[in-house]
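A.B. asks: Submitted below is the structure of interest, expressed as structure tokens.
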There are 2 protein chains.
Amino acid sequence: MNLLAEKLQKYHVILGSASARRKELLAGLDIPFEVRVKETNEFVDKSLALEEIPQSIAEQKFAALIPDLTDNDFLITADTLVFCGDRVIGKPKTKQDAFEMIRFLSGKKHIVVTGVCYGTKNHHKAFRCKSQVTFSEICDQDISYYIEKYKPMDKAGAYGVQEWIGYMGIEKIKGSYYNVMGLPVHMLYKKIVSFR
Amino acid sequence: MNLLAEKLQKYHVILGSASARRKELLAGLDIPFEVRVKETNEFVDKSLALEEIPQSIAEQKFAALIPDLTDNDFLITADTLVFCGDRVIGKPKTKQDAFEMIRFLSGKKHIVVTGVCYGTKNHHKAFRCKSQVTFSEICDQDISYYIEKYKPMDKAGAYGVQEWIGYMGIEKIKGSYYNVMGLPVHMLYKKIVSFR
């Protein structure tokens with residue numbers, strides 16, 4: 001048995017996220033869990049630095065699920081933010097939005113921060129993880145191809161690192177690839193193993 | 001249609017590799033292809049720097065398949081090498097080998113170089129791509145868990161970046177994640193689009 005499975009064997013693990021990528025990533029840590037999602041009114045505290053926002057939202061998602069937790073539940077929530085300079089790149093509302101977002105990111109470096117909150121109903125902690133992504137220059141024809149075929153409307157920054165555009169268009173990553181996908185599993189592993 | 005599909009529409013694409021990861025990566029570029037494998041007597045030229053070896057082996061794999069190519073075949077071959085300092089980390093022969101390799105890589109940075117050769121029977125080119133991977137400290141219990149469950153005997157360095165140990169144990173990558181998996185798809189895309 002691995003250290004994480006040992007640590008979590010007395011708990012019932014819940015992933016508080018609707019993201020298919022996060023579900024896949026947590027499953028990759030070889031622990032059993034249930035997905036539970038609750039609508040949260042996310043509040044962005046304007047006094048926070050951009051990098052601090054995802055952790056704050058992960059904490060809000062955690063807080064929203066606390067009333068439903070039993071004593072042996074172990075909850076994990078997360079939020080991911082993409083930004084470039086001081087511009088936050090959210091989820092696109094339309095195909096045109098998506099096109100403009102990717103054109104803006106093309107040929108540039110940007111930052112992806114995921115905030116994670118984890119623990120029990122009585123005690124939880126939080127952390128964040130930051131990666132830098134460099135896109136190569138992507139021509140309009142390829143941006144259109146991607147948007148038509150992959151419809152990345154549910155993704156911050158209008159792209160999935162694990163999709164076609166991540167294959168052909170990402171020159172390099174500095175940091176964790178899985179953090180860019182939506183969950184810094186290497187940090188989560190260590191943090192939960194040492195959780196007390 | 002994307003630029004790569006446009007470029008390759010007059011060709012029949014062949015991936016000259018038995019690696020399931022390379023097959024998956026090339027498929028991620030959304031082009032149709034066939035896998036064709038031929039035993040190659042790989043010769044390591046001792047005068048080459050370590051970084052140059054994978055490209056040389058990819059070229060040998062390409063040369064071995066040339067006699068079977070028709071005029072409209074477009075072949076891609078690749079080879080990946082893991083090294084740490086001046087020590088080459090090959091494929092483990094036994095579980096004990098695998099254990100020692102991962103223990104050696106644990107808590108250190110190492111380098112992954114993939115060499116790629118691509119083109120037709122009459123004209124081909126080659127390039128290489130380098131990524132740096134940082135492993136966190138992984139305890140013996142977790143190394144054993146990974147080897148027993150995932151049996152990484154077919155993998156250079158005794159690990160798959162896309163498997164459990166890549167999730168829990170890789171702190172960061174500098175460069176391309178897909179290159180570490182076995183094929184630098186972002187470079188391959190650009191190189192083939194501009195192939196002449």
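Going by the structure tokens order, chains are called A, B, ..., each with residues numbered from 1, while ligands are numbered from 1 in the order shown.
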DSSP on the backbone: which residues in chain B end up as strand (DSSP E or B)? Give the answer as a ChimeraX atom specification.

C.D. replies: /B:12-15,34-35,73-84,87-89,109-119,124-135,170-175

A.B. asks: Find the residues in chain A near chain B: any atom within 8 Å counts, using only C-alpha atoms. Write them as a PyMOL selection string.

C.D. replies: chain A and resi 1-3+25+28-30+141-142+145+163-164+167-178+185-187+189-190

A.B. asks: If you keep N, CA, C and O atoms, can you produce a file of those selected residues as a compact mmCIF listing (two decimals), in the first residue's frame?

C.D. replies:
```
# COMPACT_ATOMS: atom_id res chain seq x y z
N MET A 1 0.86 -1.21 0.00
CA MET A 1 0.00 0.00 0.00
C MET A 1 0.88 1.25 0.00
O MET A 1 1.93 1.27 0.63
N ASN A 2 0.48 2.28 -0.72
CA ASN A 2 1.28 3.51 -0.73
C ASN A 2 0.91 4.41 0.45
O ASN A 2 -0.12 4.21 1.11
N LEU A 3 1.76 5.40 0.73
CA LEU A 3 1.57 6.25 1.92
C LEU A 3 0.23 6.98 1.94
O LEU A 3 -0.39 7.13 2.98
N LEU A 25 -7.41 13.16 -12.56
CA LEU A 25 -6.14 13.36 -11.86
C LEU A 25 -6.15 12.73 -10.47
O LEU A 25 -5.19 12.05 -10.08
N GLY A 28 -5.80 9.13 -10.64
CA GLY A 28 -4.42 8.74 -10.94
C GLY A 28 -3.58 8.54 -9.69
O GLY A 28 -2.50 7.96 -9.75
N LEU A 29 -4.04 9.05 -8.54
CA LEU A 29 -3.34 8.81 -7.28
C LEU A 29 -3.75 7.47 -6.64
O LEU A 29 -3.31 7.15 -5.53
N ASP A 30 -4.58 6.72 -7.34
CA ASP A 30 -4.97 5.36 -6.90
C ASP A 30 -5.67 5.34 -5.55
O ASP A 30 -5.40 4.45 -4.72
N GLN A 141 -6.02 29.80 -38.51
CA GLN A 141 -6.64 28.57 -39.03
C GLN A 141 -6.61 27.46 -37.96
O GLN A 141 -7.61 26.75 -37.78
N ASP A 142 -5.48 27.34 -37.26
CA ASP A 142 -5.37 26.29 -36.24
C ASP A 142 -6.20 26.63 -34.99
O ASP A 142 -6.76 25.73 -34.36
N TYR A 145 -9.72 25.69 -35.98
CA TYR A 145 -9.85 24.22 -36.00
C TYR A 145 -10.08 23.71 -34.58
O TYR A 145 -10.98 22.91 -34.32
N GLU A 163 -5.38 18.47 -24.60
CA GLU A 163 -6.07 18.35 -25.88
C GLU A 163 -5.13 18.74 -27.03
O GLU A 163 -4.01 19.20 -26.80
N TRP A 164 -5.64 18.63 -28.24
CA TRP A 164 -4.87 18.89 -29.46
C TRP A 164 -4.00 20.15 -29.36
O TRP A 164 -2.82 20.13 -29.67
N TYR A 167 -0.99 19.74 -27.36
CA TYR A 167 0.00 18.90 -28.04
C TYR A 167 0.79 19.74 -29.04
O TYR A 167 2.01 19.68 -29.09
N MET A 168 0.08 20.48 -29.90
CA MET A 168 0.76 21.15 -31.01
C MET A 168 1.25 22.54 -30.62
O MET A 168 2.16 23.06 -31.27
N GLY A 169 0.69 23.14 -29.57
CA GLY A 169 0.95 24.55 -29.34
C GLY A 169 1.70 24.92 -28.06
O GLY A 169 2.03 26.09 -27.87
N ILE A 170 1.95 23.97 -27.17
CA ILE A 170 2.66 24.34 -25.94
C ILE A 170 4.14 24.01 -26.07
O ILE A 170 4.54 22.86 -26.17
N GLU A 171 4.94 25.07 -26.09
CA GLU A 171 6.38 24.91 -26.25
C GLU A 171 7.03 24.37 -25.00
O GLU A 171 7.89 23.52 -25.04
N LYS A 172 6.66 24.97 -23.87
CA LYS A 172 7.21 24.44 -22.63
C LYS A 172 6.38 24.81 -21.41
O LYS A 172 5.57 25.74 -21.44
N ILE A 173 6.61 24.04 -20.37
CA ILE A 173 5.99 24.29 -19.08
C ILE A 173 7.13 24.43 -18.08
O ILE A 173 8.14 23.73 -18.17
N LYS A 174 7.01 25.39 -17.17
CA LYS A 174 7.93 25.46 -16.04
C LYS A 174 7.08 25.21 -14.81
O LYS A 174 6.26 26.05 -14.45
N GLY A 175 7.23 24.03 -14.22
CA GLY A 175 6.40 23.68 -13.08
C GLY A 175 5.68 22.38 -13.34
O GLY A 175 6.17 21.54 -14.09
N SER A 176 4.50 22.23 -12.74
CA SER A 176 3.78 20.96 -12.85
C SER A 176 2.77 20.99 -13.99
O SER A 176 1.90 21.86 -14.06
N TYR A 177 2.86 20.00 -14.87
CA TYR A 177 1.89 19.81 -15.96
C TYR A 177 0.50 19.55 -15.39
O TYR A 177 -0.50 20.09 -15.87
N TYR A 178 0.42 18.72 -14.35
CA TYR A 178 -0.88 18.35 -13.80
C TYR A 178 -1.55 19.54 -13.10
O TYR A 178 -2.76 19.62 -13.03
N VAL A 185 -1.24 17.34 -8.24
CA VAL A 185 -1.31 16.06 -7.52
C VAL A 185 -0.05 15.75 -6.70
O VAL A 185 -0.14 15.10 -5.67
N HIS A 186 1.12 16.22 -7.18
CA HIS A 186 2.35 15.95 -6.43
C HIS A 186 2.33 16.66 -5.07
O HIS A 186 2.72 16.10 -4.05
N MET A 187 1.82 17.91 -5.05
CA MET A 187 1.74 18.64 -3.79
C MET A 187 0.63 18.07 -2.91
O MET A 187 0.79 17.93 -1.70
N TYR A 189 -0.47 15.09 -2.76
CA TYR A 189 0.00 13.83 -2.18
C TYR A 189 0.77 14.10 -0.88
O TYR A 189 0.46 13.55 0.17
N LYS A 190 1.78 14.96 -0.99
CA LYS A 190 2.63 15.27 0.17
C LYS A 190 1.83 15.92 1.30
O LYS A 190 2.02 15.61 2.48
```

A.B. asks: Excluding Val88 of chain B and residues on its chain fewer than 5 positions from it, collect all residues at most 9 Å away from it, counting only C-alpha atoms, and give them as a ChimeraX atom specification.

C.D. replies: /B:50,81-83,157

A.B. asks: Which residue out of A:Gly107, A:Pro32, A:Gly182, A:Gly90 has the minimum interatomic distance to Ala158 of chain A when only C-alpha atoms are used?

C.D. replies: A:Gly90

A.B. asks: Measure the distance from atom CA of Thr114 of chain B to atom CA of Tyr150 of chain B in Å and round it to one decimal.

C.D. replies: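 Value for the atom CA of Thr114 of chain B-atom CA of Tyr150 of chain B distance: 22.6 Å.
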
A.B. asks: Quick one: everything within 12 Å of Ala63 of chain B, counting only C-alpha atoms, minus sequence neighbours fewer than 3 positions away in the same chain. Send it as a list in words.

C.D. replies: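 Neighbouring residues, sequence-local ones excluded: Gly16, Lys38, Glu39, Thr40, Asn41, Glu42, Ser56, Ile57, Ala58, Glu59, Gln60, Ile66, Pro67, Asp68, Leu69, Leu75, Ile76, Thr77, Ala78, Cys117, Tyr118, Gly119, Thr120, Lys121, Asn122, His123, His124, Lys125 and Ala126 of chain B.
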
A.B. asks: Considering only C-alpha atoms, can you say which of A:Ile31, A:Ala20, A:Val180, A:Val113 comes closest to Glu6 of chain A?

C.D. replies: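 Comparing A:Ile31, A:Ala20, A:Val180, A:Val113 against Glu6 of chain A, the winner is A:Ile31.
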
A.B. asks: In Å, with one decimal, what is the gap from atom CA of Lys61 of chain B to atom CA of Val193 of chain B?

C.D. replies: 22.0 Å
